[in-house]
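Coordinates from structure.txt are shown below (compact mmCIF, C-alpha atoms and all ligand atoms).
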# COMPACT_ATOMS: atom_id res chain seq x y z
CA MET A 1 5.73 -30.60 26.96
CA THR A 2 9.28 -29.22 26.88
CA LYS A 3 10.27 -26.23 24.78
CA ARG A 4 12.33 -28.50 22.56
CA GLU A 5 9.36 -30.82 21.95
CA ALA A 6 7.03 -27.90 21.21
CA LEU A 7 9.59 -26.51 18.80
CA ARG A 8 10.06 -29.82 16.96
CA GLN A 9 6.30 -30.32 16.68
CA ALA A 10 5.84 -26.80 15.32
CA GLN A 11 8.73 -27.18 12.89
CA ALA A 12 7.22 -30.39 11.48
CA GLU A 13 3.81 -28.74 11.09
CA LEU A 14 5.21 -25.67 9.35
CA ALA A 15 7.35 -27.81 7.03
CA ALA A 16 4.28 -29.93 6.16
CA ALA A 17 2.42 -26.72 5.32
CA GLY A 18 5.18 -25.80 2.85
CA ILE A 19 6.82 -23.07 4.92
CA ALA A 20 10.40 -22.79 3.64
CA ASP A 21 12.16 -21.72 6.84
CA ALA A 22 10.14 -23.94 9.17
CA TYR A 23 12.81 -24.29 11.86
CA THR A 24 13.75 -20.59 11.94
CA ASP A 25 10.13 -19.48 12.04
CA ALA A 26 9.16 -22.02 14.72
CA ARG A 27 12.12 -20.87 16.82
CA LEU A 28 11.49 -17.14 16.39
CA LEU A 29 7.83 -17.53 17.29
CA LEU A 30 8.73 -19.53 20.39
CA MET A 31 11.22 -16.84 21.44
CA GLN A 32 8.62 -14.15 20.92
CA THR A 33 5.69 -15.85 22.63
CA GLY A 34 7.91 -17.00 25.52
CA GLU A 35 9.65 -13.61 25.74
CA MET A 36 13.15 -15.08 25.58
CA ASN A 37 16.22 -14.38 23.48
CA SER A 38 18.06 -17.13 21.63
CA SER A 39 20.53 -17.92 24.41
CA GLN A 40 17.75 -18.08 27.01
CA LEU A 41 15.92 -20.52 24.74
CA LEU A 42 19.05 -22.65 24.24
CA LEU A 43 19.68 -22.85 27.97
CA SER A 44 16.10 -23.77 28.82
CA GLU A 45 15.15 -26.10 25.96
CA ASN A 46 14.49 -29.03 28.28
CA GLU A 47 12.21 -27.09 30.58
CA THR A 48 8.46 -27.45 30.40
CA LEU A 49 6.58 -24.70 28.59
CA LYS A 50 4.13 -22.76 30.76
CA PRO A 51 0.55 -23.50 29.64
CA GLN A 52 -0.20 -19.84 28.77
CA VAL A 53 2.98 -19.62 26.67
CA TYR A 54 2.17 -22.91 24.96
CA ALA A 55 -1.34 -21.64 24.13
CA ARG A 56 0.06 -18.41 22.66
CA TYR A 57 2.69 -20.37 20.76
CA ARG A 58 0.11 -22.72 19.27
CA ALA A 59 -2.00 -19.77 18.14
CA ALA A 60 1.01 -18.19 16.44
CA ILE A 61 2.00 -21.46 14.75
CA LEU A 62 -1.54 -21.99 13.44
CA ARG A 63 -1.43 -18.55 11.81
CA ARG A 64 2.00 -19.17 10.30
CA ARG A 65 0.71 -22.50 8.96
CA GLU A 66 -1.88 -20.46 7.04
CA HIS A 67 1.06 -18.55 5.49
CA VAL A 68 0.43 -15.37 7.46
CA PRO A 69 3.84 -13.64 7.16
CA LEU A 70 6.01 -14.11 10.23
CA GLN A 71 6.29 -10.33 10.64
CA TYR A 72 2.52 -9.83 10.84
CA ILE A 73 2.46 -12.38 13.67
CA THR A 74 5.39 -10.91 15.58
CA GLY A 75 4.35 -7.35 14.60
CA GLU A 76 7.89 -6.28 13.78
CA GLN A 77 10.64 -6.21 11.16
CA GLU A 78 14.16 -4.84 11.33
CA PHE A 79 15.23 -2.42 8.60
CA MET A 80 18.55 -0.54 8.36
CA GLY A 81 19.35 -2.01 11.79
CA LEU A 82 16.29 -0.33 13.31
CA PRO A 83 13.14 -1.99 14.69
CA PHE A 84 9.85 -1.23 12.90
CA PHE A 85 6.30 -2.10 13.88
CA VAL A 86 4.29 -3.61 11.03
CA SER A 87 0.66 -4.60 10.54
CA PRO A 88 -1.29 -5.91 7.56
CA ALA A 89 -1.92 -2.24 6.66
CA VAL A 90 1.69 -1.85 5.54
CA LEU A 91 4.14 -3.63 3.32
CA ILE A 92 6.77 -5.50 5.34
CA PRO A 93 10.08 -3.62 4.88
CA ARG A 94 12.38 -5.56 2.52
CA GLN A 95 16.14 -5.87 2.65
CA ASP A 96 16.20 -4.82 -1.02
CA THR A 97 14.87 -1.42 0.02
CA GLU A 98 18.00 -0.83 2.11
CA HIS A 99 19.82 -0.26 -1.22
CA LEU A 100 17.45 2.62 -1.90
CA VAL A 101 18.08 4.18 1.50
CA GLU A 102 21.84 3.72 1.15
CA ALA A 103 21.82 5.42 -2.27
CA ALA A 104 19.99 8.45 -0.86
CA MET A 105 21.88 8.78 2.44
CA PRO A 106 24.75 10.95 1.14
CA TYR A 107 22.23 13.52 -0.15
CA CYS A 108 20.03 13.98 2.92
CA LYS A 109 22.07 15.69 5.66
CA GLY A 110 20.52 19.06 6.50
CA LYS A 111 18.10 18.73 3.54
CA ARG A 112 14.35 18.62 3.02
CA VAL A 113 13.38 15.03 2.28
CA LEU A 114 10.02 13.69 1.06
CA ASP A 115 9.06 9.99 0.94
CA LEU A 116 6.06 9.09 -1.22
CA CYS A 117 4.14 5.85 -0.42
CA THR A 118 5.79 5.71 2.98
CA GLY A 119 3.92 2.65 4.33
CA SER A 120 5.53 1.72 7.67
CA GLY A 121 7.74 4.80 7.31
CA CYS A 122 10.82 2.59 7.09
CA ILE A 123 12.53 4.70 4.40
CA ILE A 124 11.97 8.21 5.72
CA LEU A 125 12.48 7.22 9.36
CA SER A 126 15.78 5.47 8.61
CA LEU A 127 16.94 8.54 6.70
CA ALA A 128 15.76 10.81 9.50
CA LYS A 129 17.51 8.71 12.12
CA LEU A 130 20.75 8.14 10.23
CA CYS A 131 21.26 11.34 8.21
CA LYS A 132 19.79 14.26 10.15
CA PRO A 133 17.77 15.96 7.39
CA CYS A 134 16.30 19.35 8.33
CA LEU A 135 12.80 18.18 7.35
CA ALA A 136 11.49 14.64 6.90
CA VAL A 137 8.00 14.12 5.46
CA GLY A 138 6.28 10.88 4.52
CA THR A 139 3.03 10.57 2.59
CA ASP A 140 0.69 7.69 2.00
CA ILE A 141 -2.84 7.39 0.67
CA SER A 142 -3.67 5.00 3.52
CA GLN A 143 -4.54 6.53 6.87
CA GLU A 144 -3.98 3.14 8.52
CA ALA A 145 -0.45 3.00 7.12
CA LEU A 146 0.24 6.50 8.40
CA SER A 147 -0.75 5.55 11.91
CA ILE A 148 1.83 2.74 11.83
CA ALA A 149 4.44 5.19 10.47
CA LYS A 150 3.67 7.63 13.30
CA LYS A 151 3.94 4.87 15.86
CA ASN A 152 7.36 3.98 14.41
CA ALA A 153 8.52 7.60 14.51
CA LYS A 154 7.61 7.80 18.17
CA ALA A 155 9.28 4.50 19.08
CA LEU A 156 12.46 5.52 17.25
CA SER A 157 12.37 9.07 18.73
CA VAL A 158 12.54 10.54 15.23
CA GLU A 159 11.15 13.89 14.08
CA ALA A 160 9.04 13.32 10.98
CA GLU A 161 5.77 14.58 9.57
CA PHE A 162 3.24 12.29 7.97
CA VAL A 163 0.61 13.53 5.54
CA GLN A 164 -2.30 11.65 4.03
CA SER A 165 -1.92 12.21 0.30
CA ASP A 166 -2.34 10.47 -3.04
CA LEU A 167 1.28 11.03 -4.15
CA PHE A 168 1.77 14.84 -4.41
CA GLU A 169 -1.92 15.72 -3.91
CA ASN A 170 -1.46 17.31 -0.47
CA VAL A 171 2.26 18.06 -0.68
CA VAL A 172 3.23 21.70 -0.30
CA GLY A 173 6.62 23.28 -0.86
CA ARG A 174 9.75 21.98 -2.51
CA TYR A 175 12.17 19.29 -1.38
CA ASP A 176 15.84 18.63 -2.03
CA VAL A 177 15.30 14.88 -2.09
CA ILE A 178 12.21 12.91 -3.12
CA ILE A 179 12.34 9.19 -2.55
CA SER A 180 9.82 6.43 -3.18
CA ASN A 181 9.37 2.71 -3.20
CA PRO A 182 5.99 2.78 -4.93
CA PRO A 183 3.82 -0.22 -5.80
CA TYR A 184 5.46 -1.72 -8.90
CA ILE A 185 4.06 -5.19 -9.52
CA ARG A 186 1.99 -5.68 -12.68
CA THR A 187 -1.66 -6.36 -11.82
CA ASP A 188 -1.63 -9.70 -13.67
CA GLU A 189 1.48 -10.80 -11.76
CA ILE A 190 -0.05 -10.44 -8.31
CA SER A 191 -1.88 -13.79 -8.43
CA THR A 192 1.49 -15.52 -9.06
CA LEU A 193 3.20 -14.15 -5.95
CA MET A 194 3.96 -16.31 -2.91
CA PRO A 195 0.90 -16.75 -0.64
CA GLU A 196 2.47 -14.67 2.15
CA VAL A 197 2.54 -11.66 -0.17
CA ARG A 198 -0.49 -12.38 -2.36
CA ASP A 199 -2.93 -13.21 0.43
CA TYR A 200 -1.75 -10.97 3.26
CA GLU A 201 0.22 -7.91 2.17
CA PRO A 202 -1.83 -4.86 1.10
CA HIS A 203 -2.47 -5.00 -2.65
CA MET A 204 -2.60 -1.22 -2.61
CA ALA A 205 1.12 -1.30 -1.76
CA LEU A 206 1.96 -3.83 -4.47
CA ASP A 207 -0.18 -3.10 -7.52
CA GLY A 208 1.52 -0.82 -10.06
CA ASP A 209 -1.34 -1.17 -12.57
CA ALA A 210 -1.33 -3.00 -15.92
CA ASP A 211 2.36 -2.47 -16.70
CA GLY A 212 3.59 -1.96 -13.13
CA LEU A 213 4.94 1.48 -14.03
CA CYS A 214 1.99 3.74 -13.30
CA PHE A 215 3.42 5.29 -10.13
CA TYR A 216 6.79 6.07 -11.72
CA ARG A 217 5.05 7.93 -14.55
CA ARG A 218 2.82 9.86 -12.15
CA ILE A 219 5.67 10.76 -9.79
CA VAL A 220 8.18 11.75 -12.48
CA ALA A 221 5.59 13.90 -14.24
CA LYS A 222 5.04 16.01 -11.11
CA ALA A 223 8.43 15.76 -9.39
CA GLY A 224 9.75 18.91 -11.05
CA GLU A 225 7.06 20.97 -9.33
CA HIS A 226 8.15 19.70 -5.91
CA LEU A 227 11.94 19.54 -6.20
CA THR A 228 14.39 22.36 -5.62
CA GLU A 229 16.78 23.11 -8.47
CA GLY A 230 19.33 20.32 -8.65
CA GLY A 231 17.10 18.21 -6.39
CA MET A 232 17.39 14.43 -6.42
CA LEU A 233 14.75 11.78 -7.12
CA PHE A 234 15.29 8.21 -5.91
CA PHE A 235 13.19 5.15 -6.80
CA GLU A 236 13.21 1.52 -5.91
CA ILE A 237 12.26 -0.44 -9.05
CA GLY A 238 11.45 -3.98 -10.12
CA ALA A 239 14.34 -5.83 -11.78
CA GLU A 240 12.95 -5.35 -15.32
CA GLN A 241 11.94 -1.71 -15.01
CA ALA A 242 15.21 0.26 -15.19
CA GLY A 243 14.96 1.00 -18.92
CA GLU A 244 11.52 2.60 -18.74
CA VAL A 245 12.13 4.46 -15.50
CA VAL A 246 15.42 5.90 -16.82
CA SER A 247 13.54 7.08 -19.97
CA TYR A 248 10.84 8.78 -17.87
CA LEU A 249 13.56 10.64 -15.98
CA GLU A 250 15.38 11.67 -19.16
CA GLU A 251 12.14 12.88 -20.76
CA ASN A 252 11.33 15.02 -17.72
CA GLY A 253 14.49 17.06 -17.28
CA PHE A 254 16.58 14.73 -15.13
CA GLY A 255 20.27 14.04 -15.67
CA GLU A 256 23.15 12.32 -13.82
CA ILE A 257 20.98 9.19 -13.82
CA PHE A 258 22.27 6.05 -12.14
CA VAL A 259 20.98 2.50 -11.86
CA LYS A 260 22.14 0.58 -8.78
CA LYS A 261 21.97 -3.20 -8.42
CA ASP A 262 20.99 -5.22 -5.36
CA TYR A 263 23.06 -8.07 -3.87
CA ALA A 264 21.43 -10.50 -6.31
CA GLY A 265 22.85 -8.43 -9.18
CA LEU A 266 19.40 -7.19 -10.22
CA ASP A 267 18.60 -3.56 -11.04
CA ARG A 268 16.98 -2.20 -7.89
CA VAL A 269 17.43 1.56 -7.59
CA VAL A 270 17.22 4.38 -10.15
CA TYR A 271 18.07 7.94 -9.27
CA GLY A 272 18.80 11.21 -10.95
CA ARG A 273 19.12 14.95 -10.56
CA LEU A 274 16.64 17.55 -11.75
CA MET A 275 18.55 19.64 -14.26
CA ASP A 276 15.93 22.07 -15.57
CA LYS A 277 13.59 23.43 -12.96
CA GLN A 278 10.04 23.48 -14.31
N1 LIG B 1 7.84 2.65 1.48
C1 LIG B 1 7.39 1.44 2.07
C2 LIG B 1 8.46 0.38 1.99
O1 LIG B 1 9.38 0.49 1.26
C3 LIG B 1 6.09 0.96 1.42
C4 LIG B 1 6.23 0.74 -0.04
C5 LIG B 1 4.90 0.45 -0.68
O2 LIG B 1 3.85 0.52 -0.05
N2 LIG B 1 4.95 0.14 -1.94
O3 LIG B 1 8.39 -0.60 2.67
So, in terms of structure tokens, how does the structure I just supplied come out?
Amino acid sequence: MTKREALRQAQAELAAAGIADAYTDARLLLMQTGEMNSSQLLLSENETLKPQVYARYRAAILRRREHVPLQYITGEQEFMGLPFFVSPAVLIPRQDTEHLVEAAMPYCKGKRVLDLCTGSGCIILSLAKLCKPCLAVGTDISQEALSIAKKNAKALSVEAEFVQSDLFENVVGRYDVIISNPPYIRTDEISTLMPEVRDYEPHMALDGDADGLCFYRRIVAKAGEHLTEGGMLFFEIGAEQAGEVVSYLEENGFGEIFVKKDYAGLDRVVYGRLMDKQ
């Protein structure tokens, strides 16, 4: 079977299974299993696939047919132009989260930066790589997530510390910037998510409790104890959550509060400055 034939067959199977980007996914998986880039694939489409590559490709396509996210099959996702390893222990970095990183970037140079619910480490490692903070720390309750974050730090040659902690539980000292993309989906909404997310991404990284806002309340309530005076707090939020999250900040001594939209025009980032040190 030629590469082109294998690709067409896989595309048809993925489309029949309801995978939206059947062609793109079939192509990316072929490139990955055959260890070729897109021009190498283009130039060799009429060549026969080696049996071992075909076997690996079929295994990957069968998983994708079951709606396993593409990134858990390839084991990687790009974020802020940097490559990140991912596994089912971590949320797959989203493009939306790049808005959060971009909002925080101007505040991080030479500063102490803390990322709560770090997952793959995509936020803190991008900031560490791109902004040269003097200290970069990521926390997560999941030890498995932290081992992925550490693997990413090593691969990116970035200096960062990772601490197992339920939010601030094991955090010591104060930081100039605290950033978080916490779980923010309402518990009753999780069953309505696309199968890739609902069935394969860690619920621990998605579930924000009954109203989706539990982590914002918990973080804002304690942030004052861990921020330096004038320190900044940055959150990614769900599109409907800006109002509540802004109120939590206002009620807890934050000012200069901004809401930033994503490319879809939806509220995506809320940030503010700690005005009264507690
Ligand atoms: N901080 C990680 C990310 O943005 C994980 C977020 C989470 O687990 N909710 O991808």
Requested in this report: May I ask which of the residues A:Tyr271, A:Phe254, A:Tyr263, A:Phe79 is the closest one to ligand LIG 1 (chain B), counting only C-alpha atoms and all ligand atoms?
Outcome: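 Residue with the minimum atom-to-atom distance to ligand LIG 1 (chain B): A:Phe79.
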Report task. Kindly compile the residues surrounding ligand LIG 1 (chain B) within 10 Å, counting all atoms listed in the file, and format them as an NGL selection string. Result -> :A and (79 or 86 or 89-98 or 100-101 or 115-124 or 138-142 or 145 or 149 or 179-185 or 201-208 or 215 or 236)
Query raised in the report: Quick one: of A:Thr187, A:Thr192, A:Glu240, A:Glu66, who's nearest to Ile19 in chain A, counting only C-alpha atoms?
Result: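 Nearest to Ile19 in chain A: A:Glu66.
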Query - A:Gly272, A:Glu189, A:Ser165, A:Asp209 ranked by distance to Tyr107 in chain A, top pick (using all atoms listed in the file) - result: A:Gly272
Query raised in the report: Smallest atom-to-atom distance to Ile190 in chain A: which of A:Asp211, A:Glu76, A:Glu144, A:Glu250, using only C-alpha atoms?
Result: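 The shortest atom-to-atom distance to Ile190 in chain A comes from A:Asp211.
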